[in-house]
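File shown here: upload-v1.pdb, holding PDB, C-alpha atoms.
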ATOM      1  CA  MET M 682      34.881 -23.488 -62.279
ATOM      2  CA  ARG M 683      32.233 -21.325 -63.860
ATOM      3  CA  ASP M 684      31.112 -19.854 -60.535
ATOM      4  CA  ASN M 685      34.479 -18.289 -59.794
ATOM      5  CA  ALA M 686      33.925 -14.794 -61.152
ATOM      6  CA  ILE M 687      37.526 -13.618 -60.941
ATOM      7  CA  LEU M 688      38.877 -16.595 -62.864
ATOM      8  CA  VAL M 689      36.184 -16.346 -65.524
ATOM      9  CA  VAL M 690      36.745 -12.626 -66.072
ATOM     10  CA  VAL M 691      40.523 -12.955 -66.198
ATOM     11  CA  ALA M 692      40.306 -15.907 -68.560
ATOM     12  CA  ARG M 693      37.834 -14.145 -70.840
ATOM     13  CA  PHE M 694      40.238 -11.260 -71.042
ATOM     14  CA  LEU M 695      43.315 -13.448 -71.512
ATOM     15  CA  ILE M 696      42.146 -16.094 -74.000
ATOM     16  CA  PRO M 697      41.735 -13.736 -76.981
ATOM     17  CA  LEU M 698      45.022 -12.047 -76.114
ATOM     18  CA  VAL M 699      46.860 -15.365 -75.961
ATOM     19  CA  MET M 700      45.359 -16.418 -79.292
ATOM     20  CA  LEU M 701      46.259 -13.095 -80.881
ATOM     21  CA  PHE M 702      49.794 -13.412 -79.569
ATOM     22  CA  GLY M 703      49.907 -16.967 -80.935
ATOM     23  CA  LEU M 704      48.923 -15.719 -84.381
ATOM     24  CA  TYR M 705      51.514 -12.954 -84.134
ATOM     25  CA  VAL M 706      54.229 -15.412 -83.158
ATOM     26  CA  GLN M 707      53.129 -17.707 -85.988
ATOM     27  CA  PHE M 708      53.034 -15.235 -88.847
ATOM     28  CA  HIS M 709      55.622 -12.756 -87.672
ATOM     29  CA  GLY M 710      58.146 -15.472 -86.949
ATOM     30  CA  GLU M 711      60.441 -14.429 -89.784
ATOM     31  CA  TYR M 712      60.936 -10.973 -88.321
ATOM     32  CA  SER M 713      60.802 -11.467 -84.596
ATOM     33  CA  PRO M 714      61.466 -14.443 -82.330
ATOM     34  CA  GLY M 715      58.973 -17.198 -82.790
ATOM     35  CA  GLY M 716      57.732 -19.720 -85.273
ATOM     36  CA  GLY M 717      55.370 -22.585 -85.660
ATOM     37  CA  PHE M 718      56.338 -24.526 -82.568
ATOM     38  CA  GLN M 719      55.909 -21.693 -80.082
ATOM     39  CA  ALA M 720      52.760 -20.452 -81.783
ATOM     40  CA  GLY M 721      51.232 -23.915 -81.677
ATOM     41  CA  VAL M 722      51.906 -24.204 -77.973
ATOM     42  CA  LEU M 723      50.441 -20.746 -77.316
ATOM     43  CA  PHE M 724      47.321 -21.580 -79.256
ATOM     44  CA  ALA M 725      46.867 -24.866 -77.464
ATOM     45  CA  SER M 726      47.363 -23.180 -74.088
ATOM     46  CA  ALA M 727      44.554 -20.756 -74.895
ATOM     47  CA  TRP M 728      42.274 -23.723 -75.562
ATOM     48  CA  ILE M 729      43.396 -25.468 -72.383
ATOM     49  CA  LEU M 730      42.636 -22.325 -70.375
ATOM     50  CA  PHE M 731      39.187 -22.328 -71.971
ATOM     51  CA  VAL M 732      38.725 -25.955 -70.945
ATOM     52  CA  PHE M 733      39.763 -25.138 -67.379
ATOM     53  CA  ILE M 734      37.074 -22.491 -67.166
ATOM     54  CA  TYR M 735      34.195 -23.959 -69.151
ATOM     55  CA  GLY M 736      34.841 -27.683 -68.899
ATOM     56  CA  LEU M 737      35.955 -30.298 -71.385
ATOM     57  CA  ASP M 738      32.582 -30.711 -73.087
ATOM     58  CA  THR M 739      32.325 -27.052 -74.025
ATOM     59  CA  GLY M 740      35.943 -27.114 -75.158
ATOM     60  CA  LEU M 741      35.210 -30.068 -77.401
ATOM     61  CA  ARG M 742      32.218 -28.245 -78.840
ATOM     62  CA  VAL M 743      34.582 -25.474 -79.936
ATOM     63  CA  ILE M 744      37.068 -27.899 -81.488
ATOM     64  CA  PRO M 745      35.646 -31.432 -81.853
ATOM     65  CA  GLN M 746      37.930 -34.352 -81.207
ATOM     66  CA  ARG M 747      37.860 -35.486 -84.825
ATOM     67  CA  VAL M 748      38.999 -32.053 -85.934
ATOM     68  CA  ILE M 749      41.944 -32.295 -83.533
ATOM     69  CA  TYR M 750      42.942 -35.669 -85.009
ATOM     70  CA  ALA M 751      42.600 -34.292 -88.526
ATOM     71  CA  LEU M 752      44.552 -31.132 -87.765
ATOM     72  CA  ALA M 753      47.444 -33.054 -86.208
ATOM     73  CA  SER M 754      47.940 -35.001 -89.421
ATOM     74  CA  LEU M 755      47.088 -32.123 -91.740
ATOM     75  CA  GLY M 756      49.915 -30.026 -90.340
ATOM     76  CA  VAL M 757      52.510 -32.648 -91.215
ATOM     77  CA  LEU M 758      50.812 -33.242 -94.566
ATOM     78  CA  LEU M 759      50.922 -29.532 -95.357
ATOM     79  CA  TYR M 760      54.633 -29.556 -94.602
ATOM     80  CA  ALA M 761      55.280 -32.585 -96.801
ATOM     81  CA  LEU M 762      53.060 -31.269 -99.598
ATOM     82  CA  VAL M 763      54.935 -27.983 -99.708
ATOM     83  CA  GLY M 764      58.070 -30.082-100.056
ATOM     84  CA  LEU M 765      56.543 -32.175-102.830
ATOM     85  CA  LEU M 766      55.224 -29.076-104.566
ATOM     86  CA  GLY M 767      58.836 -28.001-104.920
ATOM     87  CA  VAL M 768      59.549 -31.350-106.575
ATOM     88  CA  ALA M 769      56.540 -31.047-108.858
ATOM     89  CA  LEU M 770      57.662 -27.616-109.997
ATOM     90  CA  GLY M 771      61.097 -28.893-110.881
ATOM     91  CA  GLY M 772      63.182 -28.504-107.748
ATOM     92  CA  ARG M 773      64.395 -30.792-104.992
ATOM     93  CA  PHE M 774      62.342 -31.940-101.991
ATOM     94  CA  LEU M 775      61.663 -28.979 -99.673
ATOM     95  CA  ASP M 776      63.399 -26.664-102.091
ATOM     96  CA  PHE M 777      61.270 -23.517-101.971
ATOM     97  CA  ASP M 778      62.846 -21.691-104.896
ATOM     98  CA  PRO M 779      60.511 -22.992-107.640
ATOM     99  CA  LEU M 780      57.381 -21.888-105.790
ATOM    100  CA  LEU M 781      57.461 -18.303-107.027
ATOM    101  CA  ASP M 782      59.480 -16.354-109.559
ATOM    102  CA  ALA M 783      61.304 -14.119-107.119
ATOM    103  CA  PRO M 784      63.656 -16.323-105.063
ATOM    104  CA  LYS M 785      63.332 -14.377-101.803
ATOM    105  CA  ALA M 786      59.558 -14.222-101.981
ATOM    106  CA  ALA M 787      59.544 -17.940-102.763
ATOM    107  CA  GLN M 788      61.687 -18.712 -99.741
ATOM    108  CA  GLN M 789      59.474 -16.599 -97.508
ATOM    109  CA  THR M 790      56.317 -18.239 -98.816
ATOM    110  CA  GLY M 791      57.794 -21.663 -98.260
ATOM    111  CA  ILE M 792      58.937 -20.808 -94.746
ATOM    112  CA  ILE M 793      55.561 -19.360 -93.782
ATOM    113  CA  LEU M 794      53.730 -22.406 -95.157
ATOM    114  CA  VAL M 795      55.878 -25.035 -93.464
ATOM    115  CA  GLU M 796      55.917 -23.098 -90.191
ATOM    116  CA  PHE M 797      52.153 -22.988 -90.369
ATOM    117  CA  GLY M 798      52.159 -26.739 -90.827
ATOM    118  CA  VAL M 799      54.369 -27.158 -87.762
ATOM    119  CA  GLY M 800      52.157 -24.795 -85.771
ATOM    120  CA  VAL M 801      48.970 -26.669 -86.633
ATOM    121  CA  THR M 802      50.500 -30.028 -85.739
ATOM    122  CA  VAL M 803      51.945 -28.817 -82.441
ATOM    123  CA  ALA M 804      48.724 -27.112 -81.372
ATOM    124  CA  ALA M 805      46.631 -30.165 -82.244
ATOM    125  CA  VAL M 806      48.951 -32.657 -80.570
ATOM    126  CA  VAL M 807      49.247 -30.627 -77.357
ATOM    127  CA  MET M 808      45.459 -30.301 -77.223
ATOM    128  CA  LEU M 809      45.141 -34.017 -77.918
ATOM    129  CA  ILE M 810      47.528 -35.017 -75.135
ATOM    130  CA  PHE M 811      45.766 -32.762 -72.659
ATOM    131  CA  LEU M 812      42.395 -34.039 -73.789
ATOM    132  CA  LEU M 813      43.452 -37.654 -73.366
ATOM    133  CA  PHE M 814      44.772 -37.094 -69.861
ATOM    134  CA  ALA M 815      41.669 -35.171 -68.825
ATOM    135  CA  ARG M 816      39.404 -37.856 -70.243
ATOM    136  CA  ARG M 817      41.442 -40.590 -68.586
ATOM    137  CA  ARG M 818      40.954 -38.841 -65.260
ATOM    138  CA  ALA M 819      37.200 -38.664 -65.828
ATOM    139  CA  ASP M 820      37.091 -42.346 -66.861
ATOM    140  CA  THR M 821      39.134 -43.400 -63.856
ATOM    141  CA  VAL M 822      36.822 -41.594 -61.479
ATOM    142  CA  ALA M 823      33.784 -42.963 -63.294
ATOM    143  CA  ALA M 824      35.155 -46.501 -63.022
ATOM    144  CA  GLY M 825      35.224 -46.095 -59.256
ATOM    145  CA  LEU M 826      39.005 -45.834 -59.075
ATOM    146  CA  ASP M 827      39.560 -42.489 -57.431
ATOM    147  CA  PRO M 828      43.207 -41.557 -58.169
ATOM    148  CA  ASP M 829      43.452 -39.512 -54.975
ATOM    149  CA  ALA M 830      42.540 -42.590 -52.960
ATOM    150  CA  ALA M 831      45.536 -44.464 -54.359
ATOM    151  CA  ASP M 832      47.761 -42.874 -51.703
ATOM    152  CA  ASP M 833      45.712 -44.365 -48.890
ATOM    153  CA  VAL M 834      45.589 -47.781 -50.556
ATOM    154  CA  ARG M 835      49.370 -47.851 -50.856
ATOM    155  CA  GLU M 836      49.818 -46.927 -47.231
ATOM    156  CA  GLU M 837      47.438 -49.632 -46.130
ATOM    157  CA  GLN M 838      49.323 -52.221 -48.107
ATOM    158  CA  GLN M 839      52.693 -51.323 -46.671
TER     159      GLN M 839
ATOM    160  CA  MET J 790      72.477 -19.133 -61.680
ATOM    161  CA  LEU J 791      72.706 -19.828 -57.969
ATOM    162  CA  PHE J 792      68.931 -19.732 -57.808
ATOM    163  CA  LEU J 793      68.776 -22.298 -60.612
ATOM    164  CA  ILE J 794      71.076 -24.663 -58.758
ATOM    165  CA  VAL J 795      69.058 -24.321 -55.552
ATOM    166  CA  VAL J 796      65.813 -25.028 -57.421
ATOM    167  CA  ALA J 797      67.306 -28.006 -59.271
ATOM    168  CA  VAL J 798      68.621 -29.594 -56.068
ATOM    169  CA  THR J 799      65.253 -29.090 -54.366
ATOM    170  CA  VAL J 800      63.491 -30.799 -57.287
ATOM    171  CA  VAL J 801      65.711 -33.838 -56.891
ATOM    172  CA  VAL J 802      65.332 -33.990 -53.128
ATOM    173  CA  THR J 803      61.597 -33.439 -52.749
ATOM    174  CA  ARG J 804      59.185 -36.374 -52.603
ATOM    175  CA  ASP J 805      56.129 -34.256 -53.222
ATOM    176  CA  LEU J 806      55.517 -34.485 -56.970
ATOM    177  CA  LEU J 807      53.248 -31.452 -57.023
ATOM    178  CA  LYS J 808      55.955 -29.353 -55.417
ATOM    179  CA  ALA J 809      58.505 -30.738 -57.872
ATOM    180  CA  THR J 810      56.265 -29.752 -60.796
ATOM    181  CA  MET J 811      55.936 -26.205 -59.548
ATOM    182  CA  LEU J 812      59.683 -25.988 -58.969
ATOM    183  CA  PHE J 813      60.252 -27.199 -62.524
ATOM    184  CA  ALA J 814      58.046 -24.379 -63.760
ATOM    185  CA  ILE J 815      60.075 -21.886 -61.729
ATOM    186  CA  TYR J 816      63.268 -23.397 -63.126
ATOM    187  CA  SER J 817      62.030 -23.044 -66.701
ATOM    188  CA  LEU J 818      60.896 -19.497 -66.159
ATOM    189  CA  THR J 819      64.233 -18.498 -64.623
ATOM    190  CA  ILE J 820      66.184 -20.079 -67.427
ATOM    191  CA  ALA J 821      63.877 -18.384 -69.958
ATOM    192  CA  GLY J 822      64.797 -15.078 -68.362
ATOM    193  CA  LEU J 823      68.441 -16.038 -68.583
ATOM    194  CA  PHE J 824      68.075 -16.796 -72.312
ATOM    195  CA  ALA J 825      66.288 -13.477 -72.790
ATOM    196  CA  THR J 826      69.170 -11.578 -71.162
ATOM    197  CA  LEU J 827      71.529 -13.447 -73.505
ATOM    198  CA  ASP J 828      69.494 -12.089 -76.472
ATOM    199  CA  ALA J 829      68.319 -15.566 -77.441
ATOM    200  CA  GLY J 830      64.730 -14.520 -78.003
ATOM    201  CA  ASP J 831      63.609 -17.663 -79.796
ATOM    202  CA  VAL J 832      64.963 -19.994 -77.156
ATOM    203  CA  ALA J 833      63.573 -17.836 -74.353
ATOM    204  CA  LEU J 834      60.129 -17.799 -75.934
ATOM    205  CA  THR J 835      60.180 -21.552 -76.418
ATOM    206  CA  GLU J 836      61.360 -22.186 -72.888
ATOM    207  CA  ALA J 837      58.710 -19.903 -71.413
ATOM    208  CA  ALA J 838      55.877 -21.317 -73.518
ATOM    209  CA  VAL J 839      56.840 -24.979 -73.580
ATOM    210  CA  GLY J 840      58.903 -25.453 -70.429
ATOM    211  CA  ALA J 841      57.091 -23.219 -67.993
ATOM    212  CA  GLY J 842      53.650 -23.298 -69.588
ATOM    213  CA  ILE J 843      52.510 -26.393 -71.385
ATOM    214  CA  SER J 844      54.705 -29.016 -69.798
ATOM    215  CA  THR J 845      53.633 -27.861 -66.335
ATOM    216  CA  VAL J 846      50.000 -28.212 -67.329
ATOM    217  CA  LEU J 847      50.616 -31.625 -68.855
ATOM    218  CA  ILE J 848      52.524 -32.853 -65.804
ATOM    219  CA  LEU J 849      49.663 -31.616 -63.639
ATOM    220  CA  ALA J 850      47.293 -33.600 -65.849
ATOM    221  CA  VAL J 851      49.462 -36.661 -65.221
ATOM    222  CA  LEU J 852      49.487 -35.923 -61.493
ATOM    223  CA  ALA J 853      45.709 -36.060 -61.521
ATOM    224  CA  LEU J 854      46.108 -39.740 -62.393
ATOM    225  CA  VAL J 855      48.948 -40.815 -60.112
ATOM    226  CA  PRO J 856      49.509 -40.576 -56.356
ATOM    227  CA  ARG J 857      50.933 -37.290 -55.178
ATOM    228  CA  TYR J 858      53.888 -38.625 -53.208
ATOM    229  CA  GLU J 859      56.785 -40.564 -54.596
ATOM    230  CA  HIS J 860      57.399 -43.553 -52.364
ATOM    231  CA  ARG J 861      60.858 -44.226 -51.096
ATOM    232  CA  ARG J 862      62.636 -47.307 -52.313
ATOM    233  CA  ALA J 863      64.901 -49.130 -49.914
ATOM    234  CA  GLY J 864      68.558 -49.758 -50.724
ATOM    235  CA  HIS J 865      70.821 -48.533 -53.491
ATOM    236  CA  SER J 866      71.896 -50.050 -56.750
ATOM    237  CA  LEU J 867      75.696 -50.209 -56.794
ATOM    238  CA  PRO J 868      76.119 -50.975 -60.536
ATOM    239  CA  ALA J 869      73.915 -47.986 -61.346
ATOM    240  CA  LEU J 870      76.014 -45.762 -59.105
ATOM    241  CA  ALA J 871      79.201 -47.033 -60.778
ATOM    242  CA  ILE J 872      77.830 -46.398 -64.281
ATOM    243  CA  VAL J 873      76.682 -42.896 -63.383
ATOM    244  CA  THR J 874      80.023 -42.036 -61.764
ATOM    245  CA  LEU J 875      81.985 -43.398 -64.738
ATOM    246  CA  THR J 876      79.859 -41.519 -67.279
ATOM    247  CA  GLY J 877      80.136 -38.319 -65.274
ATOM    248  CA  ALA J 878      83.912 -38.674 -64.995
ATOM    249  CA  ALA J 879      84.177 -39.324 -68.745
ATOM    250  CA  LEU J 880      82.120 -36.221 -69.515
ATOM    251  CA  VAL J 881      84.233 -34.067 -67.199
ATOM    252  CA  TYR J 882      87.382 -35.478 -68.802
ATOM    253  CA  ALA J 883      86.015 -34.749 -72.277
ATOM    254  CA  SER J 884      85.189 -31.175 -71.277
ATOM    255  CA  PHE J 885      88.924 -30.455 -70.912
ATOM    256  CA  ASP J 886      89.246 -30.780 -74.700
ATOM    257  CA  LEU J 887      86.568 -28.172 -75.411
ATOM    258  CA  PRO J 888      87.815 -24.884 -76.865
ATOM    259  CA  ALA J 889      88.069 -21.939 -74.456
ATOM    260  CA  PHE J 890      84.702 -20.333 -73.717
ATOM    261  CA  GLY J 891      84.004 -17.090 -75.565
ATOM    262  CA  ASN J 892      87.043 -17.270 -77.848
ATOM    263  CA  ALA J 893      86.262 -15.784 -81.263
ATOM    264  CA  GLY J 894      88.567 -18.303 -82.940
ATOM    265  CA  ASN J 895      86.534 -21.305 -81.806
ATOM    266  CA  PRO J 896      85.436 -23.732 -84.525
ATOM    267  CA  ILE J 897      81.788 -22.951 -83.883
ATOM    268  CA  HIS J 898      82.323 -19.357 -85.023
ATOM    269  CA  GLN J 899      84.348 -20.311 -88.087
ATOM    270  CA  HIS J 900      82.288 -22.463 -90.420
ATOM    271  CA  LEU J 901      78.516 -22.653 -90.794
ATOM    272  CA  GLY J 902      77.697 -20.108 -88.121
ATOM    273  CA  ALA J 903      79.590 -17.364 -89.919
ATOM    274  CA  TYR J 904      78.034 -18.420 -93.226
ATOM    275  CA  PHE J 905      74.513 -18.206 -91.806
ATOM    276  CA  ILE J 906      75.153 -14.826 -90.209
ATOM    277  CA  GLU J 907      76.587 -13.349 -93.399
ATOM    278  CA  GLN J 908      74.436 -14.993 -96.056
ATOM    279  CA  THR J 909      70.972 -15.503 -94.606
ATOM    280  CA  TYR J 910      69.628 -12.098 -95.459
ATOM    281  CA  SER J 911      70.881 -12.152 -99.028
ATOM    282  CA  ASP J 912      69.859 -15.801 -99.559
ATOM    283  CA  ILE J 913      66.433 -15.805 -98.007
ATOM    284  CA  GLY J 914      65.578 -12.216 -97.260
ATOM    285  CA  ILE J 915      64.266 -12.628 -93.745
ATOM    286  CA  PRO J 916      65.909 -11.098 -90.681
ATOM    287  CA  ASN J 917      65.311 -13.950 -88.233
ATOM    288  CA  LEU J 918      68.251 -16.321 -88.525
ATOM    289  CA  VAL J 919      66.655 -19.008 -86.416
ATOM    290  CA  ALA J 920      63.556 -19.214 -88.572
ATOM    291  CA  ALA J 921      65.671 -19.252 -91.727
ATOM    292  CA  VAL J 922      67.883 -22.055 -90.464
ATOM    293  CA  LEU J 923      64.949 -24.079 -89.161
ATOM    294  CA  ALA J 924      62.555 -23.763 -92.033
ATOM    295  CA  SER J 925      64.771 -23.269 -95.037
ATOM    296  CA  TYR J 926      68.348 -24.459 -94.636
ATOM    297  CA  ARG J 927      67.388 -27.444 -92.530
ATOM    298  CA  SER J 928      63.768 -27.907 -93.447
ATOM    299  CA  ILE J 929      63.973 -31.691 -93.604
ATOM    300  CA  ASP J 930      65.088 -31.705 -89.956
ATOM    301  CA  THR J 931      62.108 -29.612 -89.032
ATOM    302  CA  MET J 932      59.792 -31.912 -90.929
ATOM    303  CA  GLY J 933      61.228 -34.785 -88.914
ATOM    304  CA  GLU J 934      60.429 -32.823 -85.764
ATOM    305  CA  ALA J 935      56.850 -32.329 -86.854
ATOM    306  CA  VAL J 936      56.560 -36.053 -87.527
ATOM    307  CA  VAL J 937      58.027 -36.793 -84.085
ATOM    308  CA  ILE J 938      55.404 -34.576 -82.464
ATOM    309  CA  LEU J 939      52.628 -36.307 -84.374
ATOM    310  CA  THR J 940      54.067 -39.675 -83.334
ATOM    311  CA  ALA J 941      54.106 -38.545 -79.701
ATOM    312  CA  GLY J 942      50.440 -37.674 -79.973
ATOM    313  CA  ILE J 943      49.645 -41.065 -81.502
ATOM    314  CA  VAL J 944      51.594 -42.895 -78.788
ATOM    315  CA  VAL J 945      49.821 -41.030 -75.989
ATOM    316  CA  TYR J 946      46.539 -41.861 -77.693
ATOM    317  CA  ALA J 947      47.471 -45.527 -77.918
ATOM    318  CA  LEU J 948      48.422 -45.606 -74.234
ATOM    319  CA  LEU J 949      45.508 -43.670 -72.811
ATOM    320  CA  ALA J 950      42.562 -44.290 -75.099
ATOM    321  CA  PRO J 951      41.598 -47.777 -73.822
ATOM    322  CA  PRO J 952      39.334 -47.590 -70.764
ATOM    323  CA  PRO J 953      40.999 -47.864 -67.338
ATOM    324  CA  ARG J 954      41.167 -51.296 -65.753
ATOM    325  CA  HIS J 955      41.283 -52.180 -62.099
ATOM    326  CA  ARG J 956      44.915 -51.435 -61.512
ATOM    327  CA  GLN J 957      44.922 -51.305 -57.754
ATOM    328  CA  ARG J 958      44.520 -55.044 -57.309
ATOM    329  CA  ARG J 959      47.692 -55.699 -59.230
ATOM    330  CA  ASP J 960      49.534 -53.078 -57.204
ATOM    331  CA  GLY J 961      50.407 -50.641 -59.949
ATOM    332  CA  GLY J 962      51.684 -53.229 -62.411
ATOM    333  CA  ASP J 963      50.029 -51.249 -65.187
ATOM    334  CA  SER J 964      51.332 -47.758 -64.671
TER     335      SER J 964
END
What is this structure when it is put down as structure tokens?
Amino acid sequence: MRDNAILVVVARFLIPLVMLFGLYVQFHGEYSPGGGFQAGVLFASAWILFVFIYGLDTGLRVIPQRVIYALASLGVLLYALVGLLGVALGGRFLDFDPLLDAPKAAQQTGIILVEFGVGVTVAAVVMLIFLLFARRRADTVAAGLDPDAADDVREEQQ
Amino acid sequence: MLFLIVVAVTVVVTRDLLKATMLFAIYSLTIAGLFATLDAGDVALTEAAVGAGISTVLILAVLALVPRYEHRRAGHSLPALAIVTLTGAALVYASFDLPAFGNAGNPIHQHLGAYFIEQTYSDIGIPNLVAAVLASYRSIDTMGEAVVILTAGIVVYALLAPPPRHRQRRDGGDS
């Protein structure tokens, strides 16, 4: 879709804005609506828009597939490790109080960290699902099974 | 609200999956606006981003793989109809026992909800109740959610990663 000037210009303008808004939703989630889940989705949608414009290969050069796999697991691991850190410092699992001396600051730190973990996982998994479907489409076409032709085949059989 | 009902009925009736996807997006966007007018910013944001945005894109990605039109199946399943009718009747019957809508004395306003509204700021020190409940009071729940999302990604990978086989000969047995 690189030849469509309007789409390219609009996307170039929008992608940084969407990412910035994703970061805002991620790290301002304690004060305004938002949090890890929404921010992850916003971030992934910016990447998907990029893929729409520049193609899957360029998108995978920005974030390689292995990095997506790693990020999906790292988000959950970050969450669990923050929980275990609380245990290591003498609290219960996912008890944020021991993280810092001041209880409120400790709670906020814990919330920001786990929300970041959620955000990373959500963004990576959404990208992964999209990537898999897009690749499946390419494989199907490459294998000579055009999905759009399936309609005609069905009609012939009936 | 009326618009929502019209859109929902159209989604059920239409056979064109692409049209149904677009109508779902409209539905999500409308309901996100509804949540926003009800001051539920978090829910509205989630609905707009997830419901109207990403899930539409993902369903479109699925539609690239499957035929565009749903094909009509002949006949009806009477046991299914009976089960659906019975469940619906039971739900309607159960709804008579719900407390009156909007009454301040309802149980939902009495116990934990009131505690969260009064204590969150002094306990945790952040103004967003939803974030506090999600990430601090019920953080193990949220961790479960994150694990569920990761599992969903793994399952989609397991289903889609093997190369496509010649499905057409078996008439869609492998869908």
Determine, using all atoms listed in the file, which residues of chain M have any atom at most 6 Å from an atom of chain J, and tabulate each with its shortest atom pair and distance in Å to one decimal place, rows ordered by chain and then rising number, as a tab-separated table.
residue	atom	partner	partner_atom	distance
M:Glu711	CA	J:Asn917	CA	5.1
M:Tyr712	CA	J:Asn917	CA	5.3
M:Pro714	CA	J:Asp831	CA	4.6
M:Gly715	CA	J:Asp831	CA	5.5
M:Gln719	CA	J:Thr835	CA	5.6
M:Lys785	CA	J:Ile913	CA	5.1
M:Gln788	CA	J:Ile913	CA	5.8
M:Ile792	CA	J:Ala924	CA	5.4
M:Val799	CA	J:Ala935	CA	5.8
M:Val806	CA	J:Gly942	CA	5.3
M:Phe814	CA	J:Ala850	CA	5.9
M:Arg818	CA	J:Leu854	CA	6.0
M:Thr821	CA	J:Pro953	CA	6.0
M:Pro828	CA	J:Leu854	CA	5.4
M:Ala831	CA	J:Pro856	CA	5.9
M:Asp832	CA	J:Pro856	CA	5.5
| task | Name every residue that the PyMOL selection byres ((chain M and resi 724-733) around 10) selects in this structure, writing the answer as number ranges by chain with chains first and numbers rising. | result | M: 682-683, 688-689, 692-693, 695-704, 707, 719-723, 734-741, 743-744, 800-801, 803-809, 811-812, 815; J: 838-839, 842-843, 846
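Between atom CA of Ala825 of chain J and atom CA of Leu880 of chain J the separation is 27.9 Å.
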| request: With the file shown as input, list the residues that the PyMOL selection byres ((chain J and resi 816) around 9) selects, as a VMD selection string. | output: chain J and resid 792 to 793 796 to 797 811 to 815 817 to 821 840 to 841
| field | Spatial neighbours of Ala787 of chain M, 6 Å, only C-alpha atoms, chain gap at least 3 places, as a ChimeraX atom specification | value | /M:777-778,780-781,784,790
| task | Could you jot down the atom CA of Asp930 of chain J to atom CA of Asp782 of chain M separation for me, Å, one decimal place? | result |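 Those two atoms sit 25.5 Å apart.
Atom CA of Lys808 of chain J sits 25.0 Å away from atom CA of Val691 of chain M.
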| request: Please return, as a PyMOL selection string, all polymer residues that have at least one atom within 10 Å of the point (57.1, -29.0, -103.7); use all atoms listed in the file and the file's own coordinate frame. | output: chain M and resi 760-780+791
| query | Skipping near chain neighbours, those fewer than 2 positions away, what residues fall within 6 Å of Gly756 of chain M using all atoms listed in the file, listed as a PyMOL selection string? | reply | chain M and resi 753-754+758-759+798-799+801-802
Restricted to C-alpha atoms, what would the selected residues look like written as a PDB file, keeping the file's coordinate frame?
ATOM      1  CA  ALA M 753      47.444 -33.054 -86.208  1.00  0.00           C
ATOM      2  CA  SER M 754      47.940 -35.001 -89.421  1.00  0.00           C
ATOM      3  CA  LEU M 758      50.812 -33.242 -94.566  1.00  0.00           C
ATOM      4  CA  LEU M 759      50.922 -29.532 -95.357  1.00  0.00           C
ATOM      5  CA  GLY M 798      52.159 -26.739 -90.827  1.00  0.00           C
ATOM      6  CA  VAL M 799      54.369 -27.158 -87.762  1.00  0.00           C
ATOM      7  CA  VAL M 801      48.970 -26.669 -86.633  1.00  0.00           C
ATOM      8  CA  THR M 802      50.500 -30.028 -85.739  1.00  0.00           C
TER       9      THR M 802
END
From the coordinates I just gave you, please extract segment 921-932 of chain J so that only N, CA and C atoms remain, then output it as a short mmCIF file (atom, residue, chain, number, x, y, z; two decimals), in the first residue's frame.
data_model
loop_
_atom_site.label_atom_id
_atom_site.label_comp_id
_atom_site.auth_asym_id
_atom_site.auth_seq_id
_atom_site.Cartn_x
_atom_site.Cartn_y
_atom_site.Cartn_z
N ALA J 921 -6.39 0.96 41.04
CA ALA J 921 -6.05 0.49 42.38
C ALA J 921 -6.64 -0.89 42.64
N VAL J 922 -7.92 -1.05 42.26
CA VAL J 922 -8.57 -2.34 42.51
C VAL J 922 -7.90 -3.42 41.67
N LEU J 923 -7.63 -3.09 40.40
CA LEU J 923 -7.06 -4.10 39.50
C LEU J 923 -5.67 -4.51 39.92
N ALA J 924 -4.82 -3.53 40.18
CA ALA J 924 -3.41 -3.86 40.31
C ALA J 924 -2.99 -4.04 41.75
N SER J 925 -3.76 -3.56 42.70
CA SER J 925 -3.30 -3.69 44.07
C SER J 925 -4.20 -4.60 44.90
N TYR J 926 -5.48 -4.23 45.00
CA TYR J 926 -6.36 -5.05 45.85
C TYR J 926 -6.53 -6.45 45.27
N ARG J 927 -6.64 -6.52 43.96
CA ARG J 927 -6.90 -7.82 43.34
C ARG J 927 -5.81 -8.17 42.36
N SER J 928 -4.56 -8.01 42.78
CA SER J 928 -3.49 -8.15 41.79
C SER J 928 -3.32 -9.59 41.33
N ILE J 929 -3.72 -10.56 42.16
CA ILE J 929 -3.56 -11.94 41.71
C ILE J 929 -4.53 -12.24 40.56
N ASP J 930 -5.74 -11.67 40.66
CA ASP J 930 -6.69 -11.76 39.53
C ASP J 930 -6.06 -11.26 38.26
N THR J 931 -5.46 -10.06 38.37
CA THR J 931 -4.91 -9.45 37.16
C THR J 931 -3.76 -10.27 36.62
N MET J 932 -2.99 -10.88 37.51
CA MET J 932 -1.92 -11.75 37.02
C MET J 932 -2.51 -12.93 36.27
#
